[in-house]
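*Asks:* One structure, as structure tokens, below. Some questions next.
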Amino acid sequence: MALTTALFTGLSGLNANGRNVEVIGNNISNVNTTAYKSTRMLFETQFSRSVGIGSEPRDAMGGTNPTQIGLGVRTGGTQRDMRSGALNVTGDQRDLAIDGKGFFVVDRNGQTLFTRAGAFRPDANNVLTTVSGETLMGYGVDAGYNIIDGVLRPVEIPLGTLTIAEATRTVRMSGNLDADGDLPTQGSLTRMLAGDEQGLQLIPGATVPPGAGNRVEAQSLLIELEDPSAPGSGASLFTAGQTLELRGVQKGDGRVLPTRQLAITDATTLQDVMDFLHNALGLHDTGGANPDGRTPGVRLDPATGVIEIVGNAGRVNDLTIGTTDLRLLGEDGLLIGSPISTERAASADGEAVRTSFVVYDSLGVPVTVDVSMVLEGRGASGTTWRYFVESPGGPGATAAITTGTVRFDTNGQLLDTTPVAVRVDRTGTGAETPLNFELFFRGDRDNVTALADVRSQLGATFRDGAPIGTLADFGVGADGVITGAFTNGLVRTIGAIPLATFSNEEGLVELGGNMYNVGPNSGNPVIGRAAGLGSGRVVGGALELSNVDLGQEFINLILASTGYSASSRVIQTSDELMQQLLVIGR
């Protein structure tokens with residue numbers, strides 16, 4: 001009967017509006033849930049009882065509409081509002097929010113899930129995880145700190161544990177060279193003798209006897225040099241096990257060269273000593289002689305037994321070698337004396353300037369490099385300067401690295417813009433060897449000029465590379481790239497956080513805990529860099545708030561309550577009418 005149908009119609013209204021209150025209540029209860037997406041319920045009519053389907057118009061009569069009586073309401077479904085919520089700035093770089101479409105990719109025991117709640121924190125392994133322990137997935141970097149796209153791995157932020165050092169690859173110079181300075185006339189000249197005005201001499205019966213008219217040969221054994229204090233006795237000036245030490249030599253403007261040592265063995269020759277001096281003093285082979293005709297280097301006059309040390313031209317290359325600078329140490333390391341005396345015969349001259357700077361090898365070890373510029377020529381087309389690059393290097397390495405010339409035009413501008421390739425020997429240090437970097441005398445901002453001035457000035461204005469540093473802080477860019485700041489000043493990419501997008505994100509299945517899974521109608525995830533492929537941008541130091549509109553929810557709650565009450569009145573009215581019918585029957 002009709003009243004019975006009305007009872008069930010009212011019941012459908014109670015059920016539908018009761019369900020709506022559940023949805024509204026869930027929205028209101030999650031008003032403070034991070035990145036929560038509100039849901040709304042949609043109603044639809046149930047089947048209708050058709051009394052008549054109507055009729056079409058006729059010649060003499062109009063048409064009639066269908067006559068249908070509804071049988072109540074039912075829940076049509078729910079729709080999730082996936083619009084972004086407001087952003088709350090927290091200032092904590094571990095908090096991440098998405099401004100726009102997309103989801104963070106997380107792993108839960110091997111299952112890939114998706115979330116917009118970015119309150120991540122590192123675990124004991126420095127891996128970023130959600131509040132409930134899911135691991136944030138992202139892209140790692142290779143040895144060159146380039147992002148490896150497409151390969152997901154846990155996002156690790158090893159603050160305080162990740163260390164980095166970087167070898168120097170570029171050095172830029174700036175300054176002005178006095179084009180009106182004095183041209184050099186000579187390099188320094190130092191003579192080494194075995195006593196007062198005496199050259200070196202071999203003991204009788206030496207293994208390598210001197211040639212006719214000679215006192216000594218370059219291949220003579222060091223342990224067979226005669227002690228000048230006991231001529232003819234066969235006493236040697238040196239014995240195996242002793243050490244020659246060069247210490248306190250000054251070069252140029254008072255710079256003291258590093259101490260170097262040569263171990264004396266039974267096979268050590270005079271040539272070995274000269275090579276030792278050549279390397280330790282940083283003498284450069286310029287491919288020609290100094291203006292005075294002497295060629296830089298260490299040479300022996302076999303007839304006199306005198307060793308001559310000719311330095312490079314330019315005041316910064318002037319060598320001051322005292323008698324006490326070449327010392328003989330015993331097997332116990334104690335000083336024996338200075339067996340070889342020195343005689344300074346000439347000083348280097350000519351306009352020159354020197355500067356020092358520090359570069360770093362692949363282990364982050366600082367290495368001092370000296371660059372000198374010496375005026376070499378002046379003419380109608382400009383000036384020519386010779387550069388000298390030196391570094392202490394290892395015990396067996398030469399301090400002289402490279403030399404060459406650069407030309408300046410009549411306006412003092414550098415004509416040769418090709419950088420100088422510098423190779424520093426790092427053998428035996430454990431670092432990559434050689435250390436290669438480029439030395440620029442001209443660049444976009446830094447330039448070396450050659451104009452008349454009071455004095456020449458030169459300095460290094462830029463140098464890359466860095467000593468060891470520890471990851472101290474990090475930040476996440478809008479594209480999801482994680483940039484790490486190290487204590488040595490380096491800034492490097494240490495990873496990236498991609499975002500997943502779906503063709504129908506409302507089709508995702510909510511699992512609770514702010515997690516979503518792929519649904520039958522969501523489509524497959526497309527995972528890529530943030531701020532691309534239609535995804536939103538990542539905002540570091542912020543969290544996405546719930547997008548629940550409380551005002552709208554309260555209105556919806558009133559409407560649902562009204563609908564529920566009205567449906568109950570239908571049931572109450574139907575009940576009252578049925579009671580009246582029963583009274584008639586009594």
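Here's how to read the names in the structure tokens: chain A, B, ... by the order shown, residue numbers from 1 in each chain, ligand numbers from 1 in the order shown.
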Would you list, as a short mmCIF file (atom, residue, chain, number, x, y, z; two decimals) with N, CA and C atoms, in the first residue's frame, the residues of segment 319-514 of chain A that end up in strand (DSSP E) under DSSP run on this structure's backbone?
*Replies:*
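selection-v8.cif, freshly written:
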data_model
loop_
_atom_site.label_atom_id
_atom_site.label_comp_id
_atom_site.auth_asym_id
_atom_site.auth_seq_id
_atom_site.Cartn_x
_atom_site.Cartn_y
_atom_site.Cartn_z
N LEU A 319 118.56 34.07 -6.40
CA LEU A 319 118.84 33.03 -5.41
C LEU A 319 119.95 33.48 -4.46
N THR A 320 119.70 33.31 -3.17
CA THR A 320 120.70 33.59 -2.14
C THR A 320 120.98 32.29 -1.41
N LEU A 326 123.61 24.48 2.72
CA LEU A 326 123.78 23.08 2.30
C LEU A 326 124.49 22.35 3.42
N ARG A 327 123.76 21.55 4.18
CA ARG A 327 124.27 20.94 5.40
C ARG A 327 124.40 19.44 5.23
N LEU A 328 125.36 18.89 5.97
CA LEU A 328 125.58 17.45 5.96
C LEU A 328 125.12 16.87 7.29
N LEU A 329 124.22 15.90 7.22
CA LEU A 329 123.71 15.25 8.42
C LEU A 329 124.22 13.82 8.51
N LEU A 335 123.62 17.26 12.84
CA LEU A 335 124.42 18.09 11.94
C LEU A 335 125.91 17.76 12.08
N ILE A 336 126.55 17.52 10.92
CA ILE A 336 127.99 17.31 10.89
C ILE A 336 128.70 18.61 10.53
N GLY A 337 128.15 19.31 9.55
CA GLY A 337 128.76 20.57 9.14
C GLY A 337 128.30 20.95 7.76
N SER A 341 131.31 25.07 0.38
CA SER A 341 131.15 26.51 0.56
C SER A 341 130.54 27.11 -0.71
N THR A 342 129.93 28.27 -0.56
CA THR A 342 129.30 28.94 -1.69
C THR A 342 129.88 30.33 -1.87
N GLU A 343 129.80 30.78 -3.14
CA GLU A 343 130.31 32.11 -3.47
C GLU A 343 129.30 32.77 -4.40
N ARG A 344 128.73 33.87 -3.96
CA ARG A 344 127.73 34.59 -4.76
C ARG A 344 128.46 35.50 -5.74
N ALA A 345 128.25 35.25 -7.04
CA ALA A 345 128.98 35.99 -8.07
C ALA A 345 128.12 37.00 -8.79
N ALA A 346 126.80 36.84 -8.80
CA ALA A 346 125.91 37.78 -9.50
C ALA A 346 124.51 37.65 -8.94
N ALA A 352 109.89 42.41 -12.15
CA ALA A 352 109.24 41.12 -11.91
C ALA A 352 108.28 41.25 -10.74
N VAL A 353 107.37 40.31 -10.66
CA VAL A 353 106.41 40.25 -9.56
C VAL A 353 106.06 38.79 -9.32
N ARG A 354 105.77 38.49 -8.09
CA ARG A 354 105.42 37.11 -7.73
C ARG A 354 104.19 37.12 -6.83
N THR A 355 103.37 36.09 -6.95
CA THR A 355 102.24 35.90 -6.05
C THR A 355 102.10 34.42 -5.73
N SER A 356 101.51 34.14 -4.59
CA SER A 356 101.29 32.75 -4.17
C SER A 356 99.80 32.54 -3.92
N PHE A 357 99.36 31.33 -4.18
CA PHE A 357 97.98 30.95 -3.87
C PHE A 357 97.96 29.46 -3.57
N VAL A 358 96.85 29.03 -3.01
CA VAL A 358 96.70 27.62 -2.61
C VAL A 358 95.70 26.94 -3.52
N VAL A 359 96.07 25.79 -4.03
CA VAL A 359 95.14 24.94 -4.77
C VAL A 359 94.97 23.65 -3.97
N TYR A 360 94.01 22.82 -4.40
CA TYR A 360 93.72 21.59 -3.67
C TYR A 360 93.77 20.39 -4.61
N PRO A 366 95.89 21.02 0.70
CA PRO A 366 96.31 22.31 0.12
C PRO A 366 97.73 22.23 -0.44
N VAL A 367 97.91 22.80 -1.62
CA VAL A 367 99.21 22.83 -2.29
C VAL A 367 99.51 24.28 -2.67
N THR A 368 100.65 24.78 -2.23
CA THR A 368 101.02 26.16 -2.54
C THR A 368 101.63 26.24 -3.93
N VAL A 369 101.18 27.21 -4.70
CA VAL A 369 101.70 27.45 -6.05
C VAL A 369 102.14 28.89 -6.13
N ASP A 370 103.34 29.10 -6.69
CA ASP A 370 103.88 30.45 -6.90
C ASP A 370 103.85 30.75 -8.40
N VAL A 371 103.38 31.93 -8.74
CA VAL A 371 103.40 32.40 -10.13
C VAL A 371 104.18 33.71 -10.17
N SER A 372 105.21 33.75 -11.03
CA SER A 372 106.02 34.95 -11.20
C SER A 372 105.92 35.43 -12.63
N MET A 373 105.99 36.75 -12.79
CA MET A 373 105.99 37.36 -14.12
C MET A 373 107.23 38.24 -14.22
N VAL A 374 108.02 38.03 -15.29
CA VAL A 374 109.27 38.78 -15.48
C VAL A 374 109.22 39.45 -16.84
N LEU A 375 109.52 40.74 -16.86
CA LEU A 375 109.58 41.48 -18.13
C LEU A 375 110.72 40.92 -18.97
N GLU A 376 110.37 40.48 -20.19
CA GLU A 376 111.40 39.87 -21.04
C GLU A 376 111.75 40.72 -22.25
N GLY A 377 110.80 41.47 -22.75
CA GLY A 377 111.10 42.28 -23.93
C GLY A 377 110.11 43.41 -24.09
N ARG A 378 110.54 44.46 -24.82
CA ARG A 378 109.71 45.62 -25.05
C ARG A 378 110.01 46.12 -26.46
N GLY A 379 108.92 46.35 -27.22
CA GLY A 379 109.14 46.78 -28.60
C GLY A 379 107.97 47.57 -29.12
N GLY A 382 104.47 46.13 -28.39
CA GLY A 382 104.03 45.93 -27.01
C GLY A 382 105.12 45.33 -26.16
N THR A 383 104.75 44.63 -25.11
CA THR A 383 105.71 44.02 -24.18
C THR A 383 105.52 42.51 -24.13
N THR A 384 106.59 41.84 -23.79
CA THR A 384 106.56 40.38 -23.62
C THR A 384 106.99 40.07 -22.19
N TRP A 385 106.23 39.23 -21.54
CA TRP A 385 106.52 38.83 -20.17
C TRP A 385 106.63 37.31 -20.11
N ARG A 386 107.53 36.85 -19.26
CA ARG A 386 107.68 35.40 -19.05
C ARG A 386 107.09 35.03 -17.70
N TYR A 387 106.25 34.01 -17.74
CA TYR A 387 105.68 33.51 -16.48
C TYR A 387 106.47 32.29 -16.00
N PHE A 388 106.58 32.17 -14.69
CA PHE A 388 107.20 31.01 -14.05
C PHE A 388 106.20 30.46 -13.04
N VAL A 389 105.89 29.19 -13.14
CA VAL A 389 104.97 28.54 -12.20
C VAL A 389 105.77 27.51 -11.41
N GLU A 390 105.69 27.63 -10.08
CA GLU A 390 106.46 26.74 -9.22
C GLU A 390 105.59 26.22 -8.08
N ALA A 400 110.07 23.58 -10.13
CA ALA A 400 109.71 24.29 -11.35
C ALA A 400 108.68 23.47 -12.12
N ILE A 401 107.53 24.08 -12.39
CA ILE A 401 106.46 23.35 -13.08
C ILE A 401 106.43 23.69 -14.56
N THR A 402 106.29 24.96 -14.87
CA THR A 402 106.24 25.35 -16.28
C THR A 402 106.62 26.81 -16.43
N THR A 403 107.03 27.16 -17.63
CA THR A 403 107.36 28.54 -17.96
C THR A 403 106.98 28.80 -19.41
N GLY A 404 106.77 30.05 -19.74
CA GLY A 404 106.39 30.43 -21.08
C GLY A 404 106.25 31.93 -21.15
N THR A 405 105.86 32.43 -22.30
CA THR A 405 105.74 33.87 -22.47
C THR A 405 104.32 34.26 -22.88
N VAL A 406 103.94 35.46 -22.50
CA VAL A 406 102.67 36.05 -22.93
C VAL A 406 102.97 37.44 -23.46
N ARG A 407 102.17 37.86 -24.43
CA ARG A 407 102.40 39.15 -25.08
C ARG A 407 101.25 40.11 -24.80
N PHE A 408 101.61 41.37 -24.63
CA PHE A 408 100.64 42.44 -24.43
C PHE A 408 100.79 43.46 -25.56
N VAL A 420 97.08 28.79 -19.32
CA VAL A 420 98.30 28.01 -19.11
C VAL A 420 97.93 26.71 -18.40
N ALA A 421 98.31 25.59 -19.00
CA ALA A 421 98.04 24.28 -18.39
C ALA A 421 99.11 24.00 -17.34
N VAL A 422 98.68 23.77 -16.11
CA VAL A 422 99.60 23.52 -15.00
C VAL A 422 99.42 22.09 -14.52
N ARG A 423 100.53 21.38 -14.36
CA ARG A 423 100.51 19.99 -13.89
C ARG A 423 101.43 19.88 -12.68
N VAL A 424 100.84 19.66 -11.52
CA VAL A 424 101.60 19.55 -10.28
C VAL A 424 101.74 18.08 -9.92
N LEU A 435 98.11 16.81 -10.50
CA LEU A 435 97.02 17.75 -10.29
C LEU A 435 97.02 18.72 -11.46
N ASN A 436 95.96 18.67 -12.26
CA ASN A 436 95.88 19.50 -13.47
C ASN A 436 94.89 20.65 -13.26
N PHE A 437 95.32 21.84 -13.56
CA PHE A 437 94.40 22.97 -13.56
C PHE A 437 94.85 23.98 -14.60
N GLU A 438 93.95 24.89 -14.95
CA GLU A 438 94.23 25.91 -15.95
C GLU A 438 94.39 27.27 -15.29
N LEU A 439 95.40 28.00 -15.73
CA LEU A 439 95.71 29.32 -15.19
C LEU A 439 95.33 30.36 -16.24
N PHE A 440 94.35 31.21 -15.90
CA PHE A 440 93.86 32.22 -16.83
C PHE A 440 94.43 33.60 -16.47
N VAL A 448 94.78 40.49 -16.55
CA VAL A 448 96.12 41.00 -16.27
C VAL A 448 96.48 41.96 -17.40
N THR A 449 96.88 43.16 -17.03
CA THR A 449 97.26 44.17 -18.02
C THR A 449 98.74 44.50 -17.86
N GLN A 457 101.83 44.47 -9.93
CA GLN A 457 100.98 43.81 -8.94
C GLN A 457 100.26 42.64 -9.61
N LEU A 458 100.16 41.53 -8.89
CA LEU A 458 99.56 40.32 -9.43
C LEU A 458 98.90 39.54 -8.30
N GLY A 459 97.75 38.99 -8.57
CA GLY A 459 97.06 38.20 -7.56
C GLY A 459 96.08 37.23 -8.18
N ALA A 460 95.76 36.19 -7.43
CA ALA A 460 94.75 35.21 -7.86
C ALA A 460 93.40 35.67 -7.33
N THR A 461 92.46 35.93 -8.23
CA THR A 461 91.15 36.43 -7.83
C THR A 461 90.10 35.33 -7.73
N PHE A 462 90.36 34.18 -8.32
CA PHE A 462 89.41 33.07 -8.26
C PHE A 462 90.17 31.76 -8.29
N ARG A 463 89.69 30.83 -7.50
CA ARG A 463 90.24 29.48 -7.50
C ARG A 463 89.14 28.54 -7.06
N ALA A 466 88.38 22.67 -3.21
CA ALA A 466 88.12 22.90 -1.79
C ALA A 466 88.73 21.78 -0.96
N PRO A 467 89.08 22.08 0.30
CA PRO A 467 89.54 21.02 1.21
C PRO A 467 88.35 20.20 1.66
N ILE A 468 88.59 19.25 2.52
CA ILE A 468 87.52 18.38 2.98
C ILE A 468 86.47 19.20 3.73
N GLY A 469 85.22 18.88 3.46
CA GLY A 469 84.10 19.55 4.12
C GLY A 469 83.01 18.55 4.44
N THR A 470 82.19 18.87 5.42
CA THR A 470 81.11 17.98 5.87
C THR A 470 79.77 18.62 5.56
N LEU A 471 78.82 17.79 5.15
CA LEU A 471 77.49 18.29 4.83
C LEU A 471 76.87 18.90 6.09
N ALA A 472 76.58 20.20 6.02
CA ALA A 472 76.08 20.91 7.19
C ALA A 472 74.62 21.30 7.06
N ASP A 473 74.13 21.47 5.83
CA ASP A 473 72.74 21.91 5.65
C ASP A 473 72.30 21.50 4.26
N PHE A 474 71.01 21.58 4.02
CA PHE A 474 70.50 21.24 2.69
C PHE A 474 69.22 22.03 2.45
N GLY A 475 68.84 22.09 1.20
CA GLY A 475 67.60 22.74 0.79
C GLY A 475 67.03 22.04 -0.41
N VAL A 476 65.72 22.13 -0.58
CA VAL A 476 65.03 21.49 -1.69
C VAL A 476 64.44 22.57 -2.57
N VAL A 481 65.11 19.29 -6.59
CA VAL A 481 66.55 19.02 -6.48
C VAL A 481 67.03 19.36 -5.07
N ILE A 482 67.73 18.42 -4.45
CA ILE A 482 68.26 18.60 -3.10
C ILE A 482 69.69 19.13 -3.22
N THR A 483 69.92 20.29 -2.67
CA THR A 483 71.24 20.92 -2.72
C THR A 483 71.84 20.92 -1.33
N GLY A 484 73.07 20.37 -1.22
CA GLY A 484 73.75 20.29 0.06
C GLY A 484 74.80 21.38 0.20
N ALA A 485 74.88 21.97 1.37
CA ALA A 485 75.89 22.98 1.68
C ALA A 485 76.91 22.36 2.63
N PHE A 486 78.19 22.41 2.26
CA PHE A 486 79.26 21.79 3.03
C PHE A 486 80.05 22.86 3.80
N VAL A 491 78.83 23.82 -2.58
CA VAL A 491 77.40 23.54 -2.69
C VAL A 491 77.23 22.53 -3.81
N ARG A 492 76.67 21.38 -3.50
CA ARG A 492 76.56 20.32 -4.48
C ARG A 492 75.17 19.69 -4.45
N THR A 493 74.74 19.19 -5.60
CA THR A 493 73.48 18.45 -5.69
C THR A 493 73.68 17.07 -5.09
N ILE A 494 72.83 16.70 -4.14
CA ILE A 494 72.98 15.39 -3.49
C ILE A 494 71.78 14.48 -3.74
N GLY A 495 70.84 14.93 -4.56
CA GLY A 495 69.70 14.08 -4.89
C GLY A 495 68.56 14.91 -5.45
N ALA A 496 67.45 14.24 -5.70
CA ALA A 496 66.26 14.93 -6.20
C ALA A 496 65.03 14.15 -5.74
N LEU A 499 58.04 13.68 -8.38
CA LEU A 499 56.62 13.65 -8.06
C LEU A 499 55.92 12.70 -9.03
N ALA A 500 54.86 12.06 -8.53
CA ALA A 500 54.05 11.16 -9.35
C ALA A 500 52.74 11.85 -9.69
N THR A 501 52.35 11.79 -10.94
CA THR A 501 51.07 12.35 -11.37
C THR A 501 50.22 11.24 -11.97
N VAL A 509 42.96 5.15 -4.48
CA VAL A 509 42.33 4.51 -3.33
C VAL A 509 43.03 4.98 -2.06
N GLU A 510 42.26 5.58 -1.15
CA GLU A 510 42.83 6.06 0.10
C GLU A 510 43.00 4.90 1.06
N LEU A 511 44.19 4.78 1.64
CA LEU A 511 44.50 3.67 2.54
C LEU A 511 44.53 4.09 4.00
N GLY A 512 44.37 5.37 4.28
CA GLY A 512 44.55 5.86 5.63
C GLY A 512 46.00 6.22 5.86
#
*Asks:* Hey, what's within 6 Å of segment 87-103 of chain A if we count only C-alpha atoms and toss same-chain stuff fewer than 3 positions away? As a list in words, please?
*Replies:*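 Here the answer would be Phe114, Thr115, Arg116, Gly118, Ala119, Phe120, Leu499, Ala500, Thr501, Ser535, Gly536, Arg537, Val538, Val539, Gly540, Gly541, Ala542, Leu543, Glu544 and Leu545 of chain A.
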*Asks:* List every residue of segment 240-401 of chain A that DSSP, applied to the backbone of this structure, places in alpha helix (DSSP H), and write the result as a ChimeraX atom specification.
*Replies:* /A:270-281
*Asks:* Put those residues in a file: N, CA, C and O atoms, as an mmCIF file, in the first residue's frame.
*Replies:*
data_model
loop_
_atom_site.group_PDB
_atom_site.id
_atom_site.type_symbol
_atom_site.label_atom_id
_atom_site.label_comp_id
_atom_site.auth_asym_id
_atom_site.auth_seq_id
_atom_site.Cartn_x
_atom_site.Cartn_y
_atom_site.Cartn_z
ATOM 1 N N LEU A 270 127.792 12.768 -8.466
ATOM 2 C CA LEU A 270 127.775 14.234 -8.439
ATOM 3 C C LEU A 270 126.620 14.766 -9.296
ATOM 4 O O LEU A 270 126.037 15.799 -8.989
ATOM 5 N N GLN A 271 126.281 14.023 -10.362
ATOM 6 C CA GLN A 271 125.148 14.420 -11.194
ATOM 7 C C GLN A 271 123.845 14.357 -10.388
ATOM 8 O O GLN A 271 122.963 15.207 -10.555
ATOM 9 N N ASP A 272 123.736 13.356 -9.516
ATOM 10 C CA ASP A 272 122.550 13.260 -8.652
ATOM 11 C C ASP A 272 122.439 14.500 -7.770
ATOM 12 O O ASP A 272 121.334 15.010 -7.534
ATOM 13 N N VAL A 273 123.567 14.981 -7.264
ATOM 14 C CA VAL A 273 123.548 16.179 -6.428
ATOM 15 C C VAL A 273 123.119 17.384 -7.233
ATOM 16 O O VAL A 273 122.317 18.220 -6.780
ATOM 17 N N MET A 274 123.615 17.506 -8.460
ATOM 18 C CA MET A 274 123.248 18.644 -9.293
ATOM 19 C C MET A 274 121.767 18.593 -9.670
ATOM 20 O O MET A 274 121.077 19.623 -9.687
ATOM 21 N N ASP A 275 121.277 17.381 -9.942
ATOM 22 C CA ASP A 275 119.835 17.250 -10.228
ATOM 23 C C ASP A 275 119.014 17.625 -8.995
ATOM 24 O O ASP A 275 117.953 18.263 -9.101
ATOM 25 N N PHE A 276 119.493 17.213 -7.836
ATOM 26 C CA PHE A 276 118.827 17.546 -6.578
ATOM 27 C C PHE A 276 118.753 19.063 -6.395
ATOM 28 O O PHE A 276 117.692 19.612 -6.053
ATOM 29 N N LEU A 277 119.852 19.743 -6.649
ATOM 30 C CA LEU A 277 119.876 21.198 -6.511
ATOM 31 C C LEU A 277 118.967 21.863 -7.545
ATOM 32 O O LEU A 277 118.246 22.818 -7.236
ATOM 33 N N HIS A 278 119.001 21.359 -8.755
ATOM 34 C CA HIS A 278 118.180 21.928 -9.826
ATOM 35 C C HIS A 278 116.695 21.855 -9.468
ATOM 36 O O HIS A 278 115.947 22.831 -9.623
ATOM 37 N N ASN A 279 116.268 20.686 -8.970
ATOM 38 C CA ASN A 279 114.856 20.509 -8.615
ATOM 39 C C ASN A 279 114.478 21.325 -7.384
ATOM 40 O O ASN A 279 113.413 21.956 -7.341
ATOM 41 N N ALA A 280 115.340 21.296 -6.374
ATOM 42 C CA ALA A 280 115.018 21.974 -5.120
ATOM 43 C C ALA A 280 114.970 23.490 -5.293
ATOM 44 O O ALA A 280 114.160 24.169 -4.648
ATOM 45 N N LEU A 281 115.824 24.037 -6.159
ATOM 46 C CA LEU A 281 115.878 25.485 -6.354
ATOM 47 C C LEU A 281 114.838 25.975 -7.353
ATOM 48 O O LEU A 281 114.645 27.180 -7.505
#
*Asks:* Pick out the closest residue to Gly241 of chain A from this set: A:Gly333, A:Val151, A:Arg260, A:Leu189. Count only C-alpha atoms.
*Replies:*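 Comparing A:Gly333, A:Val151, A:Arg260, A:Leu189 against Gly241 of chain A, the winner is A:Gly333.
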*Asks:* Quick one: of A:Asp575, A:Asp325, A:Glu553, A:Glu56, who's nearest to Leu244 of chain A, counting only C-alpha atoms?
*Replies:*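 Of the candidates, the smallest distance to Leu244 of chain A is held by A:Asp325.
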*Asks:* May I have the residues within 9 Å of Leu3 of chain A as a ChimeraX atom specification, using only C-alpha atoms and disregarding those fewer than 5 positions away in the same chain?
*Replies:* /A:8,574-575,577-578
*Asks:* Residues within 12 Å of segment 204-210 of chain A, please, as a PyMOL selection string. Count only C-alpha atoms; anything in the same chain fewer than 3 positions from it doesn't count.
*Replies:* chain A and resi 200-201+213-227+231-236+266-267+269-270+301-305
*Asks:* Which residues are close to Ile558 of chain A, i.e. within 10 Å by only C-alpha atoms, leaving aside same-chain residues fewer than 6 positions away? Reply as a count of residues only.
*Replies:* 3
*Asks:* What is the atom CA of Val155 of chain A to atom CA of Thr168 of chain A distance in Å?
*Replies:*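 Spanning atom CA of Val155 of chain A to atom CA of Thr168 of chain A is a straight-line distance of 29.2 Å.
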*Asks:* Tell me which protein, DNA and RNA residues are within 7 Å of Ile264 of chain A, counting only C-alpha atoms, leaving out same-chain ones fewer than 6 positions away, and put them as a list in words.
*Replies:*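 The neighbour list is Ala240, Gly241, Gln242 and Thr243 of chain A.
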*Asks:* With only C-alpha atoms as the basis for distance, which of A:Ile148, A:Ala167, A:Leu42, A:Met82 is at the shortest distance from Asp361 of chain A?
*Replies:* A:Ala167
